[in-house]
Each structure stands twice: as structure tokens, then as C-alpha cells.
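upload-v3.cif follows (mmCIF, N, CA and C atoms):
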data_work
#
loop_
_atom_site.label_atom_id
_atom_site.label_comp_id
_atom_site.auth_asym_id
_atom_site.auth_seq_id
_atom_site.Cartn_x
_atom_site.Cartn_y
_atom_site.Cartn_z
N MET A 16 -8.42 -13.61 10.24
CA MET A 16 -8.91 -12.85 9.12
C MET A 16 -8.62 -11.36 9.30
N LYS A 17 -8.71 -10.86 10.54
CA LYS A 17 -8.43 -9.45 10.79
C LYS A 17 -6.98 -9.13 10.48
N LYS A 18 -6.10 -10.06 10.83
CA LYS A 18 -4.68 -9.84 10.56
C LYS A 18 -4.40 -9.80 9.07
N ILE A 19 -5.11 -10.63 8.32
CA ILE A 19 -4.92 -10.65 6.88
C ILE A 19 -5.30 -9.30 6.30
N ILE A 20 -6.41 -8.77 6.74
CA ILE A 20 -6.85 -7.46 6.26
C ILE A 20 -5.87 -6.38 6.70
N TYR A 21 -5.41 -6.45 7.94
CA TYR A 21 -4.43 -5.49 8.45
C TYR A 21 -3.16 -5.52 7.62
N TYR A 22 -2.63 -6.70 7.37
CA TYR A 22 -1.39 -6.81 6.62
C TYR A 22 -1.57 -6.43 5.16
N LEU A 23 -2.75 -6.65 4.63
CA LEU A 23 -3.03 -6.21 3.27
C LEU A 23 -2.95 -4.69 3.20
N GLY A 24 -3.53 -4.03 4.21
CA GLY A 24 -3.45 -2.57 4.27
C GLY A 24 -2.02 -2.10 4.43
N VAL A 25 -1.29 -2.79 5.25
CA VAL A 25 0.12 -2.46 5.45
C VAL A 25 0.88 -2.68 4.15
N MET A 26 0.55 -3.77 3.49
CA MET A 26 1.21 -4.08 2.24
C MET A 26 0.98 -2.96 1.24
N LEU A 27 -0.24 -2.50 1.15
CA LEU A 27 -0.56 -1.42 0.23
C LEU A 27 0.18 -0.15 0.61
N ALA A 28 0.23 0.14 1.90
CA ALA A 28 0.93 1.34 2.34
C ALA A 28 2.40 1.26 2.00
N THR A 29 2.99 0.11 2.17
CA THR A 29 4.41 -0.06 1.90
C THR A 29 4.71 0.10 0.43
N VAL A 30 3.84 -0.41 -0.38
CA VAL A 30 4.05 -0.37 -1.81
C VAL A 30 4.22 1.07 -2.29
N MET A 31 3.59 1.98 -1.63
CA MET A 31 3.61 3.35 -2.05
C MET A 31 4.77 4.17 -1.52
N MET A 32 5.75 3.54 -0.93
CA MET A 32 6.83 4.23 -0.26
C MET A 32 7.75 5.05 -1.16
N ALA A 33 8.22 4.49 -2.20
CA ALA A 33 9.25 5.13 -3.01
C ALA A 33 8.71 6.37 -3.69
N SER A 34 9.44 6.89 -4.65
CA SER A 34 8.94 8.06 -5.35
C SER A 34 7.64 7.70 -6.02
N CYS A 35 6.78 8.66 -6.17
CA CYS A 35 5.43 8.37 -6.63
C CYS A 35 5.40 7.53 -7.89
N GLY A 36 5.98 8.02 -8.98
CA GLY A 36 5.95 7.29 -10.23
C GLY A 36 6.66 5.96 -10.13
N ASN A 37 7.88 5.98 -9.67
CA ASN A 37 8.65 4.75 -9.56
C ASN A 37 8.02 3.81 -8.55
N HIS A 38 7.52 4.35 -7.48
CA HIS A 38 6.90 3.52 -6.45
C HIS A 38 5.61 2.90 -6.96
N LEU A 39 4.85 3.66 -7.69
CA LEU A 39 3.62 3.13 -8.25
C LEU A 39 3.92 2.03 -9.26
N ASP A 40 4.96 2.24 -10.07
CA ASP A 40 5.36 1.22 -11.03
C ASP A 40 5.83 -0.04 -10.31
N LYS A 41 6.59 0.16 -9.24
CA LYS A 41 7.09 -0.97 -8.45
C LYS A 41 5.92 -1.73 -7.84
N LEU A 42 4.96 -1.01 -7.29
CA LEU A 42 3.80 -1.67 -6.69
C LEU A 42 3.00 -2.45 -7.73
N GLN A 43 2.84 -1.85 -8.90
CA GLN A 43 2.09 -2.54 -9.96
C GLN A 43 2.82 -3.81 -10.37
N SER A 44 4.16 -3.75 -10.47
CA SER A 44 4.90 -4.94 -10.84
C SER A 44 4.83 -6.00 -9.74
N MET A 45 4.77 -5.54 -8.49
CA MET A 45 4.63 -6.48 -7.37
C MET A 45 3.25 -7.14 -7.40
N ALA A 46 2.23 -6.38 -7.73
CA ALA A 46 0.88 -6.94 -7.85
C ALA A 46 0.83 -7.96 -8.98
N ASP A 47 1.51 -7.64 -10.09
CA ASP A 47 1.56 -8.57 -11.22
C ASP A 47 2.30 -9.85 -10.83
N ASP A 48 3.40 -9.70 -10.09
CA ASP A 48 4.17 -10.86 -9.63
C ASP A 48 3.32 -11.72 -8.70
N LEU A 49 2.58 -11.09 -7.82
CA LEU A 49 1.69 -11.81 -6.91
C LEU A 49 0.65 -12.60 -7.70
N ALA A 50 0.06 -11.96 -8.70
CA ALA A 50 -0.97 -12.63 -9.50
C ALA A 50 -0.39 -13.82 -10.26
N GLU A 51 0.83 -13.67 -10.77
CA GLU A 51 1.42 -14.73 -11.58
C GLU A 51 2.03 -15.85 -10.75
N ASN A 52 2.67 -15.52 -9.63
CA ASN A 52 3.47 -16.50 -8.91
C ASN A 52 3.03 -16.79 -7.48
N GLY A 53 2.13 -16.00 -6.94
CA GLY A 53 1.76 -16.11 -5.53
C GLY A 53 1.27 -17.49 -5.11
N LYS A 54 0.63 -18.20 -6.01
CA LYS A 54 0.08 -19.52 -5.67
C LYS A 54 1.17 -20.50 -5.23
N GLY A 55 2.36 -20.33 -5.76
CA GLY A 55 3.42 -21.29 -5.50
C GLY A 55 4.41 -20.86 -4.43
N TRP A 56 4.19 -19.73 -3.80
CA TRP A 56 5.15 -19.24 -2.82
C TRP A 56 5.08 -20.02 -1.51
N ASP A 57 6.25 -20.17 -0.89
CA ASP A 57 6.29 -20.76 0.45
C ASP A 57 6.22 -19.62 1.47
N ALA A 58 6.24 -19.95 2.75
CA ALA A 58 6.09 -18.95 3.81
C ALA A 58 7.21 -17.90 3.76
N ASP A 59 8.44 -18.33 3.47
CA ASP A 59 9.56 -17.38 3.41
C ASP A 59 9.40 -16.39 2.26
N GLN A 60 8.92 -16.87 1.14
CA GLN A 60 8.69 -15.98 0.00
C GLN A 60 7.57 -14.99 0.29
N TRP A 61 6.52 -15.47 0.95
CA TRP A 61 5.43 -14.58 1.33
C TRP A 61 5.92 -13.51 2.31
N GLU A 62 6.71 -13.94 3.27
CA GLU A 62 7.23 -13.00 4.26
C GLU A 62 8.09 -11.94 3.59
N SER A 63 8.96 -12.35 2.72
CA SER A 63 9.82 -11.41 2.00
C SER A 63 8.98 -10.45 1.14
N PHE A 64 7.99 -10.99 0.47
CA PHE A 64 7.12 -10.18 -0.37
C PHE A 64 6.37 -9.13 0.45
N LEU A 65 5.79 -9.54 1.56
CA LEU A 65 5.02 -8.62 2.40
C LEU A 65 5.92 -7.52 2.98
N ARG A 66 7.12 -7.90 3.35
CA ARG A 66 8.08 -6.93 3.88
C ARG A 66 8.45 -5.91 2.78
N ASP A 67 8.71 -6.42 1.58
CA ASP A 67 9.07 -5.53 0.46
C ASP A 67 7.94 -4.58 0.11
N VAL A 68 6.73 -5.10 0.09
CA VAL A 68 5.57 -4.26 -0.23
C VAL A 68 5.42 -3.15 0.80
N THR A 69 5.57 -3.49 2.05
CA THR A 69 5.44 -2.50 3.11
C THR A 69 6.51 -1.41 2.98
N GLU A 70 7.72 -1.80 2.64
CA GLU A 70 8.79 -0.83 2.46
C GLU A 70 8.50 0.12 1.29
N VAL A 71 7.98 -0.42 0.21
CA VAL A 71 7.65 0.41 -0.95
C VAL A 71 6.50 1.35 -0.61
N GLN A 72 5.52 0.86 0.12
CA GLN A 72 4.40 1.71 0.53
C GLN A 72 4.89 2.88 1.37
N LEU A 73 5.76 2.60 2.32
CA LEU A 73 6.32 3.66 3.16
C LEU A 73 7.05 4.69 2.31
N ALA A 74 7.86 4.23 1.40
CA ALA A 74 8.61 5.15 0.53
C ALA A 74 7.66 6.00 -0.31
N PHE A 75 6.60 5.40 -0.81
CA PHE A 75 5.63 6.14 -1.61
C PHE A 75 5.00 7.27 -0.81
N PHE A 76 4.51 6.94 0.36
CA PHE A 76 3.83 7.95 1.15
C PHE A 76 4.77 9.00 1.71
N GLU A 77 6.01 8.67 1.90
CA GLU A 77 6.99 9.66 2.35
C GLU A 77 7.42 10.59 1.22
N SER A 78 7.12 10.22 -0.01
CA SER A 78 7.52 11.03 -1.17
C SER A 78 6.54 12.17 -1.46
N GLU A 79 5.62 12.41 -0.54
CA GLU A 79 4.62 13.47 -0.67
C GLU A 79 3.82 13.35 -1.97
N PRO A 80 3.07 12.27 -2.10
CA PRO A 80 2.28 12.05 -3.32
C PRO A 80 1.14 13.05 -3.45
N THR A 81 0.75 13.29 -4.69
CA THR A 81 -0.40 14.15 -4.96
C THR A 81 -1.68 13.33 -4.79
N LYS A 82 -2.78 14.02 -4.86
CA LYS A 82 -4.07 13.33 -4.74
C LYS A 82 -4.24 12.34 -5.90
N ALA A 83 -3.76 12.70 -7.07
CA ALA A 83 -3.85 11.81 -8.23
C ALA A 83 -2.98 10.56 -8.02
N ASP A 84 -1.80 10.75 -7.43
CA ASP A 84 -0.92 9.61 -7.13
C ASP A 84 -1.60 8.66 -6.15
N ILE A 85 -2.24 9.23 -5.15
CA ILE A 85 -2.92 8.40 -4.14
C ILE A 85 -4.10 7.66 -4.77
N LYS A 86 -4.76 8.30 -5.70
CA LYS A 86 -5.87 7.66 -6.40
C LYS A 86 -5.35 6.46 -7.21
N GLU A 87 -4.21 6.64 -7.85
CA GLU A 87 -3.59 5.54 -8.60
C GLU A 87 -3.15 4.43 -7.65
N TYR A 88 -2.62 4.80 -6.50
CA TYR A 88 -2.23 3.84 -5.47
C TYR A 88 -3.43 2.99 -5.05
N ASP A 89 -4.56 3.65 -4.82
CA ASP A 89 -5.77 2.94 -4.42
C ASP A 89 -6.23 1.97 -5.50
N LYS A 90 -6.06 2.37 -6.75
CA LYS A 90 -6.42 1.51 -7.88
C LYS A 90 -5.52 0.26 -7.89
N ILE A 91 -4.24 0.45 -7.66
CA ILE A 91 -3.31 -0.68 -7.60
C ILE A 91 -3.66 -1.56 -6.41
N GLY A 92 -4.09 -0.94 -5.32
CA GLY A 92 -4.49 -1.71 -4.14
C GLY A 92 -5.62 -2.68 -4.44
N LYS A 93 -6.54 -2.26 -5.28
CA LYS A 93 -7.64 -3.16 -5.66
C LYS A 93 -7.12 -4.36 -6.44
N SER A 94 -6.13 -4.13 -7.31
CA SER A 94 -5.57 -5.25 -8.05
C SER A 94 -4.79 -6.18 -7.11
N PHE A 95 -4.17 -5.60 -6.06
CA PHE A 95 -3.49 -6.42 -5.05
C PHE A 95 -4.50 -7.33 -4.35
N LYS A 96 -5.63 -6.78 -3.97
CA LYS A 96 -6.63 -7.58 -3.27
C LYS A 96 -7.11 -8.74 -4.13
N LYS A 97 -7.38 -8.46 -5.40
CA LYS A 97 -7.83 -9.52 -6.30
C LYS A 97 -6.76 -10.59 -6.45
N ALA A 98 -5.52 -10.16 -6.64
CA ALA A 98 -4.41 -11.10 -6.82
C ALA A 98 -4.20 -11.92 -5.56
N LEU A 99 -4.31 -11.29 -4.40
CA LEU A 99 -4.12 -12.00 -3.14
C LEU A 99 -5.21 -13.04 -2.94
N ASN A 100 -6.45 -12.66 -3.16
CA ASN A 100 -7.56 -13.60 -3.02
C ASN A 100 -7.39 -14.79 -3.96
N LYS A 101 -6.93 -14.53 -5.16
CA LYS A 101 -6.73 -15.59 -6.14
C LYS A 101 -5.57 -16.49 -5.72
N ALA A 102 -4.50 -15.88 -5.21
CA ALA A 102 -3.29 -16.63 -4.86
C ALA A 102 -3.51 -17.57 -3.67
N VAL A 103 -4.32 -17.17 -2.72
CA VAL A 103 -4.49 -17.99 -1.51
C VAL A 103 -5.72 -18.89 -1.58
N LYS A 104 -6.24 -19.10 -2.76
CA LYS A 104 -7.40 -20.00 -2.90
C LYS A 104 -7.03 -21.45 -2.60
N SER A 105 -5.80 -21.82 -2.94
CA SER A 105 -5.41 -23.20 -2.65
C SER A 105 -5.05 -23.31 -1.17
N ASN A 106 -5.29 -24.46 -0.62
CA ASN A 106 -5.05 -24.70 0.80
C ASN A 106 -3.57 -24.53 1.15
N LYS A 107 -2.71 -25.04 0.28
CA LYS A 107 -1.27 -24.96 0.51
C LYS A 107 -0.79 -23.50 0.54
N ALA A 108 -1.24 -22.71 -0.43
CA ALA A 108 -0.84 -21.30 -0.50
C ALA A 108 -1.39 -20.52 0.69
N GLU A 109 -2.60 -20.82 1.09
CA GLU A 109 -3.20 -20.12 2.22
C GLU A 109 -2.42 -20.40 3.51
N LYS A 110 -2.02 -21.66 3.69
CA LYS A 110 -1.24 -22.02 4.88
C LYS A 110 0.12 -21.32 4.88
N ALA A 111 0.76 -21.25 3.74
CA ALA A 111 2.06 -20.57 3.64
C ALA A 111 1.90 -19.08 3.95
N TYR A 112 0.84 -18.47 3.43
CA TYR A 112 0.56 -17.05 3.67
C TYR A 112 0.31 -16.80 5.15
N GLU A 113 -0.51 -17.63 5.76
CA GLU A 113 -0.81 -17.46 7.19
C GLU A 113 0.43 -17.67 8.05
N LYS A 114 1.27 -18.60 7.67
CA LYS A 114 2.52 -18.83 8.40
C LYS A 114 3.41 -17.59 8.32
N ALA A 115 3.47 -16.98 7.16
CA ALA A 115 4.25 -15.75 6.98
C ALA A 115 3.68 -14.62 7.84
N LEU A 116 2.37 -14.50 7.87
CA LEU A 116 1.74 -13.47 8.70
C LEU A 116 2.05 -13.66 10.17
N LYS A 117 2.04 -14.90 10.62
CA LYS A 117 2.36 -15.18 12.01
C LYS A 117 3.80 -14.81 12.33
N ALA A 118 4.70 -15.12 11.40
CA ALA A 118 6.11 -14.77 11.60
C ALA A 118 6.29 -13.25 11.65
N LEU A 119 5.62 -12.55 10.75
CA LEU A 119 5.72 -11.09 10.72
C LEU A 119 5.08 -10.46 11.95
N ASP A 120 4.05 -11.09 12.47
CA ASP A 120 3.37 -10.59 13.65
C ASP A 120 4.30 -10.60 14.87
N LYS A 121 5.24 -11.52 14.88
CA LYS A 121 6.20 -11.63 15.98
C LYS A 121 7.46 -10.80 15.75
N ASP A 122 7.59 -10.21 14.58
CA ASP A 122 8.78 -9.45 14.20
C ASP A 122 8.59 -7.97 14.58
N ASP A 123 9.34 -7.53 15.60
CA ASP A 123 9.20 -6.14 16.06
C ASP A 123 9.61 -5.13 14.99
N ASP A 124 10.62 -5.45 14.22
CA ASP A 124 11.07 -4.53 13.16
C ASP A 124 9.97 -4.35 12.11
N PHE A 125 9.32 -5.43 11.75
CA PHE A 125 8.24 -5.33 10.77
C PHE A 125 7.06 -4.56 11.35
N GLU A 126 6.75 -4.81 12.60
CA GLU A 126 5.63 -4.09 13.22
C GLU A 126 5.90 -2.58 13.21
N LYS A 127 7.15 -2.19 13.51
CA LYS A 127 7.51 -0.77 13.48
C LYS A 127 7.40 -0.23 12.05
N LEU A 128 7.89 -1.00 11.09
CA LEU A 128 7.80 -0.61 9.69
C LEU A 128 6.34 -0.42 9.28
N ALA A 129 5.48 -1.34 9.67
CA ALA A 129 4.06 -1.26 9.32
C ALA A 129 3.41 -0.04 9.95
N LYS A 130 3.74 0.23 11.22
CA LYS A 130 3.17 1.42 11.89
C LYS A 130 3.66 2.70 11.23
N ASP A 131 4.94 2.74 10.89
CA ASP A 131 5.49 3.92 10.21
C ASP A 131 4.82 4.14 8.87
N ALA A 132 4.58 3.05 8.15
CA ALA A 132 3.92 3.14 6.85
C ALA A 132 2.49 3.67 7.00
N LYS A 133 1.80 3.19 8.01
CA LYS A 133 0.41 3.63 8.23
C LYS A 133 0.37 5.12 8.61
N LYS A 134 1.30 5.53 9.47
CA LYS A 134 1.36 6.95 9.84
C LYS A 134 1.68 7.81 8.63
N ALA A 135 2.63 7.38 7.82
CA ALA A 135 3.00 8.13 6.61
C ALA A 135 1.82 8.20 5.66
N GLU A 136 1.07 7.12 5.56
CA GLU A 136 -0.11 7.13 4.69
C GLU A 136 -1.13 8.15 5.17
N ASN A 137 -1.40 8.14 6.46
CA ASN A 137 -2.38 9.09 7.00
C ASN A 137 -1.94 10.53 6.77
N ARG A 138 -0.66 10.81 7.02
CA ARG A 138 -0.14 12.17 6.79
C ARG A 138 -0.24 12.56 5.32
N ALA A 139 0.15 11.65 4.44
CA ALA A 139 0.14 11.95 3.00
C ALA A 139 -1.27 12.18 2.49
N ARG A 140 -2.20 11.37 2.94
CA ARG A 140 -3.59 11.55 2.50
C ARG A 140 -4.16 12.89 2.98
N LYS A 141 -3.86 13.25 4.21
CA LYS A 141 -4.32 14.54 4.73
C LYS A 141 -3.67 15.70 3.96
N ALA A 142 -2.38 15.60 3.73
CA ALA A 142 -1.66 16.66 3.02
C ALA A 142 -2.16 16.79 1.58
N ALA A 143 -2.41 15.69 0.91
CA ALA A 143 -2.90 15.73 -0.46
C ALA A 143 -4.29 16.34 -0.52
N GLU A 144 -5.12 15.99 0.43
CA GLU A 144 -6.48 16.55 0.48
C GLU A 144 -6.42 18.05 0.75
N LYS A 145 -5.56 18.44 1.68
CA LYS A 145 -5.42 19.85 2.02
C LYS A 145 -4.90 20.63 0.81
N SER A 146 -3.92 20.07 0.13
CA SER A 146 -3.35 20.72 -1.05
C SER A 146 -4.39 20.83 -2.16
N SER A 147 -5.17 19.79 -2.34
CA SER A 147 -6.21 19.79 -3.36
C SER A 147 -7.26 20.86 -3.05
N LYS A 148 -7.63 20.96 -1.80
CA LYS A 148 -8.62 21.95 -1.38
C LYS A 148 -8.06 23.36 -1.58
N LYS A 149 -6.79 23.56 -1.26
CA LYS A 149 -6.16 24.87 -1.42
C LYS A 149 -6.12 25.25 -2.90
N ASP A 150 -5.81 24.30 -3.76
CA ASP A 150 -5.77 24.56 -5.20
C ASP A 150 -7.14 24.98 -5.72
N ARG A 151 -8.19 24.31 -5.23
CA ARG A 151 -9.55 24.68 -5.65
C ARG A 151 -9.90 26.09 -5.18
N ASP A 152 -9.52 26.42 -3.94
CA ASP A 152 -9.80 27.76 -3.42
C ASP A 152 -9.05 28.82 -4.22
N ASP A 153 -7.80 28.54 -4.58
CA ASP A 153 -7.02 29.47 -5.39
C ASP A 153 -7.65 29.67 -6.76
N ASP A 154 -8.15 28.59 -7.36
CA ASP A 154 -8.80 28.68 -8.67
C ASP A 154 -10.06 29.53 -8.58
N GLU A 155 -10.82 29.38 -7.51
CA GLU A 155 -12.04 30.17 -7.35
C GLU A 155 -11.69 31.65 -7.18
N GLU A 156 -10.63 31.95 -6.46
CA GLU A 156 -10.21 33.34 -6.29
C GLU A 156 -9.77 33.94 -7.62
N ASP A 157 -9.05 33.16 -8.44
CA ASP A 157 -8.62 33.63 -9.74
C ASP A 157 -9.81 33.95 -10.64
N GLU A 158 -10.83 33.10 -10.59
CA GLU A 158 -12.02 33.31 -11.40
C GLU A 158 -12.75 34.58 -10.95
N GLU A 159 -12.82 34.82 -9.64
CA GLU A 159 -13.48 36.01 -9.13
C GLU A 159 -12.73 37.28 -9.56
N GLU A 160 -11.41 37.23 -9.56
CA GLU A 160 -10.62 38.39 -9.96
C GLU A 160 -10.79 38.70 -11.44
N GLU A 161 -10.96 37.67 -12.27
CA GLU A 161 -11.14 37.89 -13.71
C GLU A 161 -12.48 38.55 -14.02
N GLU A 162 -13.47 38.30 -13.19
CA GLU A 162 -14.80 38.89 -13.43
C GLU A 162 -14.76 40.31 -13.01
#

Could you express the structure from this file as C-alpha cells?
Amino acid sequence: MKKIIYYLGVMLATVMMASCGNHLDKLQSMADDLAENGKGWDADQWESFLRDVTEVQLAFFESEPTKADIKEYDKIGKSFKKALNKAVKSNKAEKAYEKALKALDKDDDFEKLAKDAKKAENRARKAAEKSSKKDRDDDEEDEEEEE
């Protein structure tokens, strides 16, 4: 169960990799695909999907997203969780998903990709928060100068 949660987080991080707008659109379409087709995927399809999501997440976070972009990413992440829970309700789908997770767990390239995505996410979230705080401070200074 811990690995499922870990890979879900990695999946979300990967989804956000590309440019903010395009990456967010790509992630949303991936979440929609998961909701529509995830029940019928075999282990190879799950593995490919999880790898793709992680790559998109990495691209998103490397694109220096704004705080608003990250908020939208988090919203898409919630839809991913719902779609994932719905997709793995059947025993067959759950087994295929777990088999894919085991395969990815043994894949050094994927582990590196997942770690890179997580690091990029942490950096992007800190940078967005710092930028947001700086913008608020600048606005307060502007208001003080007007008075």
C-alpha cells in the first residue's frame, strides 16, 4: 500500500513535467484516460502509463510553474486519485497495477526518474511560494508609497 501511495505521488509529479499549460492539459487527459480505460489495462499498459505520467510531472515542475499552476496540478491530482481508486476496484485490474508497480520498483531508470521528479516538485513548490510571497511584499510596498 505504501508503494501505491508513493507511485501515485510520483505519477502526479511526472504529470506536471512539461510546460505548465500543455503539461496540465496532458495530465488532465491522462487522468481522463485512466478513468475511462484503466479498468481494462494489463500490467504493461499500467507500467507505460505510470512511466509517462512521471515524465510529464517532471517536465511540469521543471517548467517553473506558478503557484496557480501548482494549485491546478493539485486539483488534477485529486481526479487522478479518484480515477485510480475506481480503476483498481476489480481484482484483475488491481493485480495488473500491482504487477506494474513491482516491475517499476526494480527499474533503476524509473527510480531515478521518480526521484528527479520529486526533487523538481520540491524545488518548484518552494520557488512558487517564495515568488508569491515576494509579490505580496512588493504589493504592500506599492500601497505604502501611494499613501

Minimum-distance residue to Ile91 of chain A, chosen among A:Ala142, A:Ala46, A:Glu136, A:Leu65 (using all atoms listed in the file):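 Answer, going by the shortest atom-to-atom distance: A:Ala46.
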
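As for atom CA of Glu144 of chain A and atom CA of Gln43 of chain A, they are spaced 23.4 Å apart.
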
Atom-to-atom span, atom N of Asp124 of chain A and atom N of Gln72 of chain A, Å: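 These atoms are spaced 16.3 Å apart.
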
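Residues matched by the PyMOL selection byres ((chain A and resi 50) around 8) in this structure: Ser44, Met45, Ala46, Asp47, Asp48, Leu49, Glu51, Asn52, Gly53, Lys54, Ser94, Phe95, Lys97, Ala98, Leu99, Lys101 and Ala102 of chain A.
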
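Taking atom CA of Lys110 of chain A as the reference point, atom CA of Gly55 of chain A is found at 11.4 Å.
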
Result set of the PyMOL selection byres (((chain A and resi 107 and name CA) around 12) and name CA) on the coordinates above, as an mmCIF file with N, CA and C atoms, in the coordinates of the input:
data_model
loop_
_atom_site.group_PDB
_atom_site.id
_atom_site.type_symbol
_atom_site.label_atom_id
_atom_site.label_comp_id
_atom_site.auth_asym_id
_atom_site.auth_seq_id
_atom_site.Cartn_x
_atom_site.Cartn_y
_atom_site.Cartn_z
ATOM 1 N N GLY A 53 2.130 -16.000 -6.940
ATOM 2 C CA GLY A 53 1.760 -16.110 -5.530
ATOM 3 C C GLY A 53 1.270 -17.490 -5.110
ATOM 4 N N LYS A 54 0.630 -18.200 -6.010
ATOM 5 C CA LYS A 54 0.080 -19.520 -5.670
ATOM 6 C C LYS A 54 1.170 -20.500 -5.230
ATOM 7 N N GLY A 55 2.360 -20.330 -5.760
ATOM 8 C CA GLY A 55 3.420 -21.290 -5.500
ATOM 9 C C GLY A 55 4.410 -20.860 -4.430
ATOM 10 N N TRP A 56 4.190 -19.730 -3.800
ATOM 11 C CA TRP A 56 5.150 -19.240 -2.820
ATOM 12 C C TRP A 56 5.080 -20.020 -1.510
ATOM 13 N N ASP A 57 6.250 -20.170 -0.890
ATOM 14 C CA ASP A 57 6.290 -20.760 0.450
ATOM 15 C C ASP A 57 6.220 -19.620 1.470
ATOM 16 N N ALA A 58 6.240 -19.950 2.750
ATOM 17 C CA ALA A 58 6.090 -18.950 3.810
ATOM 18 C C ALA A 58 7.210 -17.900 3.760
ATOM 19 N N ALA A 102 -4.500 -15.880 -5.210
ATOM 20 C CA ALA A 102 -3.290 -16.630 -4.860
ATOM 21 C C ALA A 102 -3.510 -17.570 -3.670
ATOM 22 N N VAL A 103 -4.320 -17.170 -2.720
ATOM 23 C CA VAL A 103 -4.490 -17.990 -1.510
ATOM 24 C C VAL A 103 -5.720 -18.890 -1.580
ATOM 25 N N LYS A 104 -6.240 -19.100 -2.760
ATOM 26 C CA LYS A 104 -7.400 -20.000 -2.900
ATOM 27 C C LYS A 104 -7.030 -21.450 -2.600
ATOM 28 N N SER A 105 -5.800 -21.820 -2.940
ATOM 29 C CA SER A 105 -5.410 -23.200 -2.650
ATOM 30 C C SER A 105 -5.050 -23.310 -1.170
ATOM 31 N N ASN A 106 -5.290 -24.460 -0.620
ATOM 32 C CA ASN A 106 -5.050 -24.700 0.800
ATOM 33 C C ASN A 106 -3.570 -24.530 1.150
ATOM 34 N N ALA A 108 -1.240 -22.710 -0.430
ATOM 35 C CA ALA A 108 -0.840 -21.300 -0.500
ATOM 36 C C ALA A 108 -1.390 -20.520 0.690
ATOM 37 N N GLU A 109 -2.600 -20.820 1.090
ATOM 38 C CA GLU A 109 -3.200 -20.120 2.220
ATOM 39 C C GLU A 109 -2.420 -20.400 3.510
ATOM 40 N N LYS A 110 -2.020 -21.660 3.690
ATOM 41 C CA LYS A 110 -1.240 -22.020 4.880
ATOM 42 C C LYS A 110 0.120 -21.320 4.880
ATOM 43 N N ALA A 111 0.760 -21.250 3.740
ATOM 44 C CA ALA A 111 2.060 -20.570 3.640
ATOM 45 C C ALA A 111 1.900 -19.080 3.950
ATOM 46 N N TYR A 112 0.840 -18.470 3.430
ATOM 47 C CA TYR A 112 0.560 -17.050 3.670
ATOM 48 C C TYR A 112 0.310 -16.800 5.150
ATOM 49 N N GLU A 113 -0.510 -17.630 5.760
ATOM 50 C CA GLU A 113 -0.810 -17.460 7.190
ATOM 51 C C GLU A 113 0.430 -17.670 8.050
ATOM 52 N N LYS A 114 1.270 -18.600 7.670
ATOM 53 C CA LYS A 114 2.520 -18.830 8.400
ATOM 54 C C LYS A 114 3.410 -17.590 8.320
#

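Candidate residues A:Lys41, A:Lys148, A:Glu62, A:Ala139 were compared for distance to Ser78 of chain A, and the nearest is A:Ala139, using all atoms listed in the file.
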
Alpha helix (DSSP H) call set, DSSP backbone run, segment 50-86 of chain A, as a ChimeraX atom specification: /A:50-52,58-77,82-86

Nearest to Asn137 of chain A by atom-to-atom distance, counting only N, CA and C atoms, from A:Leu42, A:Arg66, A:Phe76, A:Leu119: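 The closest residue to Asn137 of chain A is A:Phe76.
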
Return segment 91-101 of chain A, completed with N, CA, C and O atoms, as a PDB file, keeping the file's coordinate frame.
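Result went into result31.pdb, see below:
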ATOM      1  N   ILE A  91      -4.240   0.450  -7.660  1.00  0.00           N
ATOM      2  CA  ILE A  91      -3.310  -0.680  -7.600  1.00  0.00           C
ATOM      3  C   ILE A  91      -3.660  -1.560  -6.410  1.00  0.00           C
ATOM      4  O   ILE A  91      -3.554  -2.788  -6.481  1.00  0.00           O
ATOM      5  N   GLY A  92      -4.090  -0.940  -5.320  1.00  0.00           N
ATOM      6  CA  GLY A  92      -4.490  -1.710  -4.140  1.00  0.00           C
ATOM      7  C   GLY A  92      -5.620  -2.680  -4.440  1.00  0.00           C
ATOM      8  O   GLY A  92      -5.642  -3.800  -3.922  1.00  0.00           O
ATOM      9  N   LYS A  93      -6.540  -2.260  -5.280  1.00  0.00           N
ATOM     10  CA  LYS A  93      -7.640  -3.160  -5.660  1.00  0.00           C
ATOM     11  C   LYS A  93      -7.120  -4.360  -6.440  1.00  0.00           C
ATOM     12  O   LYS A  93      -7.582  -5.484  -6.237  1.00  0.00           O
ATOM     13  N   SER A  94      -6.130  -4.130  -7.310  1.00  0.00           N
ATOM     14  CA  SER A  94      -5.570  -5.250  -8.050  1.00  0.00           C
ATOM     15  C   SER A  94      -4.790  -6.180  -7.110  1.00  0.00           C
ATOM     16  O   SER A  94      -4.750  -7.390  -7.311  1.00  0.00           O
ATOM     17  N   PHE A  95      -4.170  -5.600  -6.060  1.00  0.00           N
ATOM     18  CA  PHE A  95      -3.490  -6.420  -5.050  1.00  0.00           C
ATOM     19  C   PHE A  95      -4.500  -7.330  -4.350  1.00  0.00           C
ATOM     20  O   PHE A  95      -4.233  -8.516  -4.130  1.00  0.00           O
ATOM     21  N   LYS A  96      -5.630  -6.780  -3.970  1.00  0.00           N
ATOM     22  CA  LYS A  96      -6.630  -7.580  -3.270  1.00  0.00           C
ATOM     23  C   LYS A  96      -7.110  -8.740  -4.130  1.00  0.00           C
ATOM     24  O   LYS A  96      -7.229  -9.870  -3.647  1.00  0.00           O
ATOM     25  N   LYS A  97      -7.380  -8.460  -5.400  1.00  0.00           N
ATOM     26  CA  LYS A  97      -7.830  -9.520  -6.300  1.00  0.00           C
ATOM     27  C   LYS A  97      -6.760 -10.590  -6.450  1.00  0.00           C
ATOM     28  O   LYS A  97      -7.049 -11.783  -6.395  1.00  0.00           O
ATOM     29  N   ALA A  98      -5.520 -10.160  -6.640  1.00  0.00           N
ATOM     30  CA  ALA A  98      -4.410 -11.100  -6.820  1.00  0.00           C
ATOM     31  C   ALA A  98      -4.200 -11.920  -5.560  1.00  0.00           C
ATOM     32  O   ALA A  98      -3.948 -13.139  -5.626  1.00  0.00           O
ATOM     33  N   LEU A  99      -4.310 -11.290  -4.400  1.00  0.00           N
ATOM     34  CA  LEU A  99      -4.120 -12.000  -3.140  1.00  0.00           C
ATOM     35  C   LEU A  99      -5.210 -13.040  -2.940  1.00  0.00           C
ATOM     36  O   LEU A  99      -4.920 -14.185  -2.574  1.00  0.00           O
ATOM     37  N   ASN A 100      -6.450 -12.660  -3.160  1.00  0.00           N
ATOM     38  CA  ASN A 100      -7.560 -13.600  -3.020  1.00  0.00           C
ATOM     39  C   ASN A 100      -7.390 -14.790  -3.960  1.00  0.00           C
ATOM     40  O   ASN A 100      -7.666 -15.932  -3.582  1.00  0.00           O
ATOM     41  N   LYS A 101      -6.930 -14.530  -5.160  1.00  0.00           N
ATOM     42  CA  LYS A 101      -6.730 -15.590  -6.140  1.00  0.00           C
ATOM     43  C   LYS A 101      -5.570 -16.490  -5.720  1.00  0.00           C
ATOM     44  O   LYS A 101      -5.637 -17.709  -5.845  1.00  0.00           O
TER      45      LYS A 101
END
